[in-house]
Amino acid sequence: MATDAKRKAAEALLHVLPLPGREAGWAREARAAARTRLLEAGAPIKRDEYWKYTDPARLTAPLAVVDPTDARPEFESPFGEVRPRRARFVNGRFRPDLSDDLAQDGLTVATLSETLSHDLGFARDLFGRLEAAGQEKVARPLAALNTACATEGLVLHVTGEVAEPVHLRHDQVGEGSSLLHHLIRVESGASIMVLESGCPTNMVLEVDIADGGSFQHVRIQQGPRAGSASHIFARLGAEAQFKTFTLTTDGELTRNEVLMEFTGDNASGHIAGAVLGKGASHIDNTIFVTHGAEGCESRQVFKHVLTGKARGIFQGKIFVRKGAQKTDGYQISQAVLLSEGAQFSVKPELEIYADDVKCSHGSTTGQLDETAMFYLRSRGVPEPEAEAMLVAAFANAAFEEIGDKALADAMRAHAARWMAERGGCEV
Amino acid sequence: MLEIKNLHVKLEDEDKVILKGVDLTVEAGTVHAIMGPNGSGKSTLSYVLTGRDGYEVTQGSATLDGDDLLAMDPEDRAAHGLFLAFQYPVEIPGVGNMTFLRTAMNAQRKARGEPQISAPEFLKLVRTQAKALHIDAEMLKRPVNVGFSGGEKKRNEILQMAVLQPRMCILDETDSGLDVDAMKLVAEGVNALRDGNRAFLVITHYQRLLDHIKPDVVHIMSDGRIVETGGPELALRVEAEGYTRLQKSVA
């Protein structure tokens with residue numbers, strides 16, 4: 001139960017956000033339940049165990065939604081050669097005028113507000129449901145806040161093999177809060193690739209993958225930017241596949257939570273990320289994997305490159321329910337610190353109630369190998385380039401987790417640019 | 001070409017003096033060998049000349065064609081034509097051999113104000129040199145020295161030397177860990193680079209490498225100094241008498 005202070009802070013968060021308009025009964029119920037979850041948990045504070053390394057103050061300061069803007073921010077695709085269908089959001093509002101035609105074979109698209117005012121079968125079983133399930137072991141009040149208040153987002157219903165990726169592009173013009181809530185249902189045997197860029201202040205993505213379905217997600221969050229909290233809730237049916245990769249560069253405060261639950265046997269889920277932080281940036285990846293079925297494979301691969309006074313946080317948990325035999329859970333988080341002021345904090349956790357499982361986790365923190373640096377320099381490679389080469393080699397295992405080579409190369413190119421430009425911003 | 005005068009070096013972090021006044025001049029086109037027992041300072045000399053961290057020069061100088069080596073960063077020394085074939089070549093997972101070598105080559109060229117080498121031109125150059133050293137093209141696709149045998153690593157050092165074409169080559173115990181055939185191959189590679197202008201400083205513990213790379217001058221190093229200098233026959237004397245007797249006769 002939340003303390004009075006936490007509850008009051010939660011009320012303040014709700015107070016500043018507009019109430020959703022007229023919606024279907026089931027949606028109103030889902031919102032009310034989310035409000036209750038939020039008020040019961042209270043707003044997160046630094047003293048919470050789950051926020052030990054990241055002060056949530058920046059994320060819980062009540063910030064009004066800024067008026068819809070007519071701004072037409074420049075568009076430059078961060079995904080290299082890959083040409084996705086673009087769905088654009090500016091200050092948290094969907095902008096069809098700036099978006100591509102999203103309809104494709106095997107894909108039905110609607111906005112969240114349309115969906116919540118109708119009775120759409122799959123959305124009803126999804127909206128706020130995965131978020132609520134994700135609160136079972138740890139309270140995630142910012143996600144509940146999102147379900148309670150977010151009115152914008154896309155609802156993707158994937159019924160076949162979708163040929164072209166969909167790009168969710170979030171732009172922010174000026175200060176203000178932007179809440180987005182996306183729903184994705186991947187039907188049995190269907191597949192989709194979703195790309196994402198930009199950072200809403202609070203984003204929830206609920207992904208429900210039916211048996212044999214496949215969902216891939218590549219996200220880029222580029223700084224400088226203010227506070228941003230995101231939650232991805234994924235539920236995987238039997239033999240489903242889930243893959244998510246996030247590249248985060250800089251940013252005042254980024255907290256990315258990914259919660260993945262296996263509910264059907266023999267599914268596979270990979271969660272990966274590359275974190276590049278300089279200056280006073282603070283980047284937190286918090287992962288929670290629940291094995292609730294047999295023979296599933298989960299992987300977490302995170303690489304951090306930190307300089308200046310940047311802080312990287314990795315909290316990763318593998319939770320294996322009773323009966324989830326033949327689970328294969330793997331987790332690795334590594335950091336290379338390029339300055340004395342940079343810091344990496346890591347909290348790996350295993351909680352296992354099945355007796356026939358294979359779970360491992362590992363973590364390392366260190367500097368670049370001096371011997372390798374000297375070797376490269378002795379051959380004539382200048383120090384900054386030698387560092388960049390070793391950093392690229394270090395981070396590569398995370399980029400390798402991206403299934404698509406062109407996308408992996410595009411992400412590598414962003415990392416290389418960050419390395420080349422990082423010098424001027426050192427603190 | 002290479003001129004070392006009264007070089008004194010200690011470890012940066014401890015009060016341990018390793019080089020106690022080394023004097024050495026290597027002329028263009030010559031091969032000098034430095035022999036000496038373990039711990040005499042041979043490898044330290046090679047590291048100090050190429051600019052590895054952890055050493056402090058307390059006295060003396062080292063110049064390459066008159067330029068102060070000790071004032072330069074390691075990469076600038078390389079661009080000036082200095083090369084060290086490592087005793088223990090470093091494995092660098094994730095960095096491709098070819099990428100590494102081409103980056104190095106172009107960085108050196110850039111530092112010298114020369115045009116960059118094109119990819120096809122570079123590929124051709126490496127393939128030709130690799131063939132001469134019996135280096136499998138598949139090996140070049142792998143990360144730097146990763147999964148290479150001891151002999152392959154040493155051949156890779158010589159390949160880098162052949163591609164980068166330095167003017168002053170230092171070989172640090174290149175024969176260590178090599179069988180006779182591999183040593184011959186490495187020696188052939190080195191000999192192919194002898195062009196009457198390029199100079200070599202061959203650091204070795206044993207005389208056998210010098211059967212294949214014939215030195216013009218042989219130096220004996222002991223306790224941080226060069227204690228004796230002579231012709232190739234000096235190496236044979238070391239082989240016959242060992243360092244202990246030799247040191248006594250010098251003392």
# chains A, B, ... in the order shown; residues from 1 in each chain; ligands from 1
call {"tool": "residues_around", "arguments": {"residues": "Thr151 in chain A", "least_positions_apart": "2", "cutoff": "8 Å", "atoms": "only C-alpha atoms", "output": "PDB file with N, CA, C and O atoms, in the first residue's frame"}}
result
ATOM      1  N   PRO A  20      -9.847  11.317 -20.308  1.00  0.00           N
ATOM      2  CA  PRO A  20     -10.205  10.829 -21.637  1.00  0.00           C
ATOM      3  C   PRO A  20     -11.667  11.152 -21.935  1.00  0.00           C
ATOM      4  O   PRO A  20     -12.490  11.230 -21.021  1.00  0.00           O
ATOM      5  N   LEU A 112      -5.755   4.761 -31.247  1.00  0.00           N
ATOM      6  CA  LEU A 112      -6.204   4.283 -29.943  1.00  0.00           C
ATOM      7  C   LEU A 112      -7.576   4.866 -29.612  1.00  0.00           C
ATOM      8  O   LEU A 112      -8.462   4.158 -29.133  1.00  0.00           O
ATOM      9  N   SER A 113      -7.764   6.163 -29.902  1.00  0.00           N
ATOM     10  CA  SER A 113      -9.041   6.777 -29.524  1.00  0.00           C
ATOM     11  C   SER A 113     -10.214   6.166 -30.290  1.00  0.00           C
ATOM     12  O   SER A 113     -11.278   5.926 -29.729  1.00  0.00           O
ATOM     13  N   CYS A 149      -4.572   7.385 -18.604  1.00  0.00           N
ATOM     14  CA  CYS A 149      -4.727   8.707 -19.230  1.00  0.00           C
ATOM     15  C   CYS A 149      -4.411   8.811 -20.718  1.00  0.00           C
ATOM     16  O   CYS A 149      -4.873   9.752 -21.369  1.00  0.00           O
ATOM     17  N   GLY A 153      -2.196   6.900 -29.706  1.00  0.00           N
ATOM     18  CA  GLY A 153      -1.396   5.714 -29.950  1.00  0.00           C
ATOM     19  C   GLY A 153      -1.954   4.992 -31.159  1.00  0.00           C
ATOM     20  O   GLY A 153      -2.985   5.388 -31.705  1.00  0.00           O
ATOM     21  N   LEU A 179       1.977  11.451 -23.840  1.00  0.00           N
ATOM     22  CA  LEU A 179       1.666  10.084 -23.432  1.00  0.00           C
ATOM     23  C   LEU A 179       1.210   9.314 -24.652  1.00  0.00           C
ATOM     24  O   LEU A 179       0.314   9.768 -25.369  1.00  0.00           O
ATOM     25  N   LEU A 180       1.803   8.173 -24.871  1.00  0.00           N
ATOM     26  CA  LEU A 180       1.367   7.349 -25.992  1.00  0.00           C
ATOM     27  C   LEU A 180       1.182   5.923 -25.526  1.00  0.00           C
ATOM     28  O   LEU A 180       1.948   5.417 -24.701  1.00  0.00           O
ATOM     29  N   HIS A 181       0.158   5.328 -26.059  1.00  0.00           N
ATOM     30  CA  HIS A 181      -0.124   3.942 -25.705  1.00  0.00           C
ATOM     31  C   HIS A 181      -0.429   3.183 -26.998  1.00  0.00           C
ATOM     32  O   HIS A 181      -1.430   3.449 -27.647  1.00  0.00           O
TER      33      HIS A 181
END
call {"tool": "closest_atom_pairs", "arguments": {"of": "chain A", "to": "chain B", "cutoff": "12 Å", "atoms": "only C-alpha atoms", "output": "JSON lines"}}
result
{"residue": "A:Leu368", "atom": "CA", "partner": "B:Ile92", "partner_atom": "CA", "distance": 11.0}
{"residue": "A:Asp369", "atom": "CA", "partner": "B:Ile92", "partner_atom": "CA", "distance": 9.1}
{"residue": "A:Glu370", "atom": "CA", "partner": "B:Asp53", "partner_atom": "CA", "distance": 8.8}
{"residue": "A:Thr371", "atom": "CA", "partner": "B:Val90", "partner_atom": "CA", "distance": 7.1}
{"residue": "A:Ala372", "atom": "CA", "partner": "B:Val90", "partner_atom": "CA", "distance": 6.1}
{"residue": "A:Met373", "atom": "CA", "partner": "B:Ile92", "partner_atom": "CA", "distance": 9.5}
{"residue": "A:Phe374", "atom": "CA", "partner": "B:Arg52", "partner_atom": "CA", "distance": 6.4}
{"residue": "A:Tyr375", "atom": "CA", "partner": "B:Val90", "partner_atom": "CA", "distance": 6.8}
{"residue": "A:Leu376", "atom": "CA", "partner": "B:Ala104", "partner_atom": "CA", "distance": 7.6}
{"residue": "A:Arg377", "atom": "CA", "partner": "B:Glu75", "partner_atom": "CA", "distance": 4.8}
{"residue": "A:Ser378", "atom": "CA", "partner": "B:Pro74", "partner_atom": "CA", "distance": 5.1}
{"residue": "A:Arg379", "atom": "CA", "partner": "B:Ala104", "partner_atom": "CA", "distance": 5.7}
{"residue": "A:Gly380", "atom": "CA", "partner": "B:Glu75", "partner_atom": "CA", "distance": 4.0}
{"residue": "A:Val381", "atom": "CA", "partner": "B:Ala104", "partner_atom": "CA", "distance": 4.9}
{"residue": "A:Pro382", "atom": "CA", "partner": "B:Glu75", "partner_atom": "CA", "distance": 5.5}
{"residue": "A:Glu383", "atom": "CA", "partner": "B:Glu75", "partner_atom": "CA", "distance": 7.6}
{"residue": "A:Pro384", "atom": "CA", "partner": "B:Glu75", "partner_atom": "CA", "distance": 10.9}
{"residue": "A:Glu385", "atom": "CA", "partner": "B:Thr103", "partner_atom": "CA", "distance": 8.8}
{"residue": "A:Ala386", "atom": "CA", "partner": "B:Phe100", "partner_atom": "CA", "distance": 9.2}
{"residue": "A:Glu387", "atom": "CA", "partner": "B:Val95", "partner_atom": "CA", "distance": 11.4}
{"residue": "A:Ala388", "atom": "CA", "partner": "B:Val95", "partner_atom": "CA", "distance": 10.5}
{"residue": "A:Met389", "atom": "CA", "partner": "B:Val95", "partner_atom": "CA", "distance": 6.8}
{"residue": "A:Leu390", "atom": "CA", "partner": "B:Val95", "partner_atom": "CA", "distance": 7.2}
{"residue": "A:Val391", "atom": "CA", "partner": "B:Gly94", "partner_atom": "CA", "distance": 9.4}
{"residue": "A:Ala392", "atom": "CA", "partner": "B:Gly94", "partner_atom": "CA", "distance": 7.7}
{"residue": "A:Ala393", "atom": "CA", "partner": "B:Gly94", "partner_atom": "CA", "distance": 4.2}
{"residue": "A:Phe394", "atom": "CA", "partner": "B:Gly94", "partner_atom": "CA", "distance": 7.0}
{"residue": "A:Ala395", "atom": "CA", "partner": "B:Gly94", "partner_atom": "CA", "distance": 9.0}
{"residue": "A:Asn396", "atom": "CA", "partner": "B:Gly94", "partner_atom": "CA", "distance": 7.1}
{"residue": "A:Ala397", "atom": "CA", "partner": "B:Gly94", "partner_atom": "CA", "distance": 8.7}
{"residue": "A:Ala398", "atom": "CA", "partner": "B:Gly94", "partner_atom": "CA", "distance": 12.0}
{"residue": "A:Phe399", "atom": "CA", "partner": "B:Gly94", "partner_atom": "CA", "distance": 11.8}
{"residue": "A:Glu400", "atom": "CA", "partner": "B:Gly94", "partner_atom": "CA", "distance": 11.2}
call {"tool": "select_by_dssp", "arguments": {"residues": "range 49-103 of chain B", "states": "strand (DSSP E or B)", "output": "PyMOL selection string"}}
result
chain B and resi 55-64+67-68+82-85+92-96
call {"tool": "write_last_selection", "arguments": {"atoms": "N, CA and C atoms", "output": "PDB file, in the first residue's frame"}}
result
ATOM      1  N   TYR B  55      56.354   3.548 -18.994  1.00  0.00           N
ATOM      2  CA  TYR B  55      57.795   3.768 -18.848  1.00  0.00           C
ATOM      3  C   TYR B  55      58.083   5.262 -18.745  1.00  0.00           C
ATOM      4  N   GLU B  56      59.150   5.567 -18.046  1.00  0.00           N
ATOM      5  CA  GLU B  56      59.537   6.960 -17.927  1.00  0.00           C
ATOM      6  C   GLU B  56      60.997   7.098 -18.347  1.00  0.00           C
ATOM      7  N   VAL B  57      61.217   7.956 -19.324  1.00  0.00           N
ATOM      8  CA  VAL B  57      62.586   8.206 -19.765  1.00  0.00           C
ATOM      9  C   VAL B  57      63.175   9.261 -18.834  1.00  0.00           C
ATOM     10  N   THR B  58      64.231   8.904 -18.141  1.00  0.00           N
ATOM     11  CA  THR B  58      64.802   9.853 -17.180  1.00  0.00           C
ATOM     12  C   THR B  58      66.002  10.607 -17.764  1.00  0.00           C
ATOM     13  N   GLN B  59      66.568  10.067 -18.819  1.00  0.00           N
ATOM     14  CA  GLN B  59      67.751  10.698 -19.411  1.00  0.00           C
ATOM     15  C   GLN B  59      67.928  10.182 -20.821  1.00  0.00           C
ATOM     16  N   GLY B  60      68.572  10.954 -21.654  1.00  0.00           N
ATOM     17  CA  GLY B  60      68.954  10.472 -22.971  1.00  0.00           C
ATOM     18  C   GLY B  60      67.935  10.782 -24.045  1.00  0.00           C
ATOM     19  N   SER B  61      68.186  10.300 -25.254  1.00  0.00           N
ATOM     20  CA  SER B  61      67.330  10.633 -26.388  1.00  0.00           C
ATOM     21  C   SER B  61      67.247   9.472 -27.371  1.00  0.00           C
ATOM     22  N   ALA B  62      66.211   9.528 -28.205  1.00  0.00           N
ATOM     23  CA  ALA B  62      66.069   8.575 -29.304  1.00  0.00           C
ATOM     24  C   ALA B  62      65.481   9.323 -30.484  1.00  0.00           C
ATOM     25  N   THR B  63      66.158   9.293 -31.602  1.00  0.00           N
ATOM     26  CA  THR B  63      65.672  10.021 -32.773  1.00  0.00           C
ATOM     27  C   THR B  63      65.611   9.093 -33.978  1.00  0.00           C
ATOM     28  N   LEU B  64      64.668   9.411 -34.870  1.00  0.00           N
ATOM     29  CA  LEU B  64      64.564   8.705 -36.137  1.00  0.00           C
ATOM     30  C   LEU B  64      64.756   9.748 -37.223  1.00  0.00           C
ATOM     31  N   ASP B  67      64.392  13.210 -36.001  1.00  0.00           N
ATOM     32  CA  ASP B  67      63.170  13.611 -35.294  1.00  0.00           C
ATOM     33  C   ASP B  67      63.101  12.930 -33.935  1.00  0.00           C
ATOM     34  N   ASP B  68      62.723  13.710 -32.925  1.00  0.00           N
ATOM     35  CA  ASP B  68      62.650  13.206 -31.560  1.00  0.00           C
ATOM     36  C   ASP B  68      61.501  12.214 -31.418  1.00  0.00           C
ATOM     37  N   LEU B  82      58.278   3.984 -38.163  1.00  0.00           N
ATOM     38  CA  LEU B  82      58.749   3.028 -37.160  1.00  0.00           C
ATOM     39  C   LEU B  82      57.723   1.905 -37.017  1.00  0.00           C
ATOM     40  N   PHE B  83      58.215   0.692 -36.879  1.00  0.00           N
ATOM     41  CA  PHE B  83      57.308  -0.455 -36.765  1.00  0.00           C
ATOM     42  C   PHE B  83      57.862  -1.444 -35.762  1.00  0.00           C
ATOM     43  N   LEU B  84      56.975  -1.956 -34.914  1.00  0.00           N
ATOM     44  CA  LEU B  84      57.376  -3.000 -33.976  1.00  0.00           C
ATOM     45  C   LEU B  84      56.591  -4.266 -34.266  1.00  0.00           C
ATOM     46  N   ALA B  85      57.323  -5.337 -34.574  1.00  0.00           N
ATOM     47  CA  ALA B  85      56.683  -6.653 -34.647  1.00  0.00           C
ATOM     48  C   ALA B  85      56.682  -7.201 -33.232  1.00  0.00           C
ATOM     49  N   ILE B  92      42.410  -8.924 -30.989  1.00  0.00           N
ATOM     50  CA  ILE B  92      41.387  -7.887 -30.836  1.00  0.00           C
ATOM     51  C   ILE B  92      40.064  -8.396 -31.400  1.00  0.00           C
ATOM     52  N   PRO B  93      39.261  -9.032 -30.567  1.00  0.00           N
ATOM     53  CA  PRO B  93      37.985  -9.557 -31.044  1.00  0.00           C
ATOM     54  C   PRO B  93      37.107  -8.425 -31.576  1.00  0.00           C
ATOM     55  N   GLY B  94      36.424  -8.690 -32.660  1.00  0.00           N
ATOM     56  CA  GLY B  94      35.471  -7.704 -33.172  1.00  0.00           C
ATOM     57  C   GLY B  94      36.061  -6.715 -34.156  1.00  0.00           C
ATOM     58  N   VAL B  95      37.405  -6.649 -34.252  1.00  0.00           N
ATOM     59  CA  VAL B  95      38.017  -5.750 -35.233  1.00  0.00           C
ATOM     60  C   VAL B  95      38.604  -6.612 -36.347  1.00  0.00           C
ATOM     61  N   GLY B  96      38.079  -6.480 -37.534  1.00  0.00           N
ATOM     62  CA  GLY B  96      38.533  -7.288 -38.662  1.00  0.00           C
ATOM     63  C   GLY B  96      39.967  -6.949 -39.039  1.00  0.00           C
TER      64      GLY B  96
END
call {"tool": "residues_around", "arguments": {"residues": "His170 in chain A", "least_positions_apart": "3", "cutoff": "9 Å", "atoms": "only C-alpha atoms", "output": "ChimeraX atom specification"}}
result
/A:87-93,196-200
call {"tool": "residues_around", "arguments": {"residues": "Pro73 in chain A", "least_positions_apart": "3", "cutoff": "9 Å", "atoms": "only C-alpha atoms", "output": "PyMOL selection string"}}
result
chain A and resi 90+171-173
call {"tool": "closest_residue", "arguments": {"among": "B:Leu125, B:Leu236, B:Leu11, B:Val218", "to": "Leu159 in chain B", "atoms": "only C-alpha atoms"}}
result
B:Leu125
call {"tool": "residues_around", "arguments": {"residues": "Lys8 in chain A", "least_positions_apart": "5", "cutoff": "10 Å", "atoms": "only C-alpha atoms", "output": "list in words"}}
result
Ala2, Thr3, Leu13, Leu14, Leu39, Gly42 and Ala43 of chain A
call {"tool": "closest_residue", "arguments": {"among": "B:Glu173, B:Ala132, B:Lys214, B:Ile220", "to": "Leu185 in chain B", "atoms": "only C-alpha atoms"}}
result
B:Ala132
call {"tool": "closest_residue", "arguments": {"among": "A:His291, A:Lys52, A:Arg311, A:Lys6", "to": "Val275 in chain A", "atoms": "only C-alpha atoms"}}
result
A:Arg311
call {"tool": "closest_residue", "arguments": {"among": "A:Cys359, A:Ala240, A:Leu195, A:Leu407", "to": "Ala210 in chain A", "atoms": "only C-alpha atoms"}}
result
A:Ala240
call {"tool": "select_by_dssp", "arguments": {"residues": "range 7-109 of chain B", "states": "alpha helix (DSSP H)", "output": "list in words"}}
result
Lys42, Ser43, Thr44, Leu45, Ser46, Tyr47, Val48, Leu49, Thr50, Pro74, Glu75, Asp76, Arg77, Ala78, Ala79, Asn97, Met98, Thr99, Phe100, Leu101, Arg102, Thr103, Ala104, Met105, Asn106, Ala107, Gln108 and Arg109 of chain B
call {"tool": "atom_distance", "arguments": {"atom1": "CA of Glu157 in chain B", "atom2": "CA of Cys169 in chain B"}}
result
11.1 Å
call {"tool": "residues_around", "arguments": {"residues": "Phe302 in chain A", "least_positions_apart": "4", "cutoff": "6 Å", "atoms": "only C-alpha atoms", "output": "PyMOL selection string"}}
result
chain A and resi 272-274+333
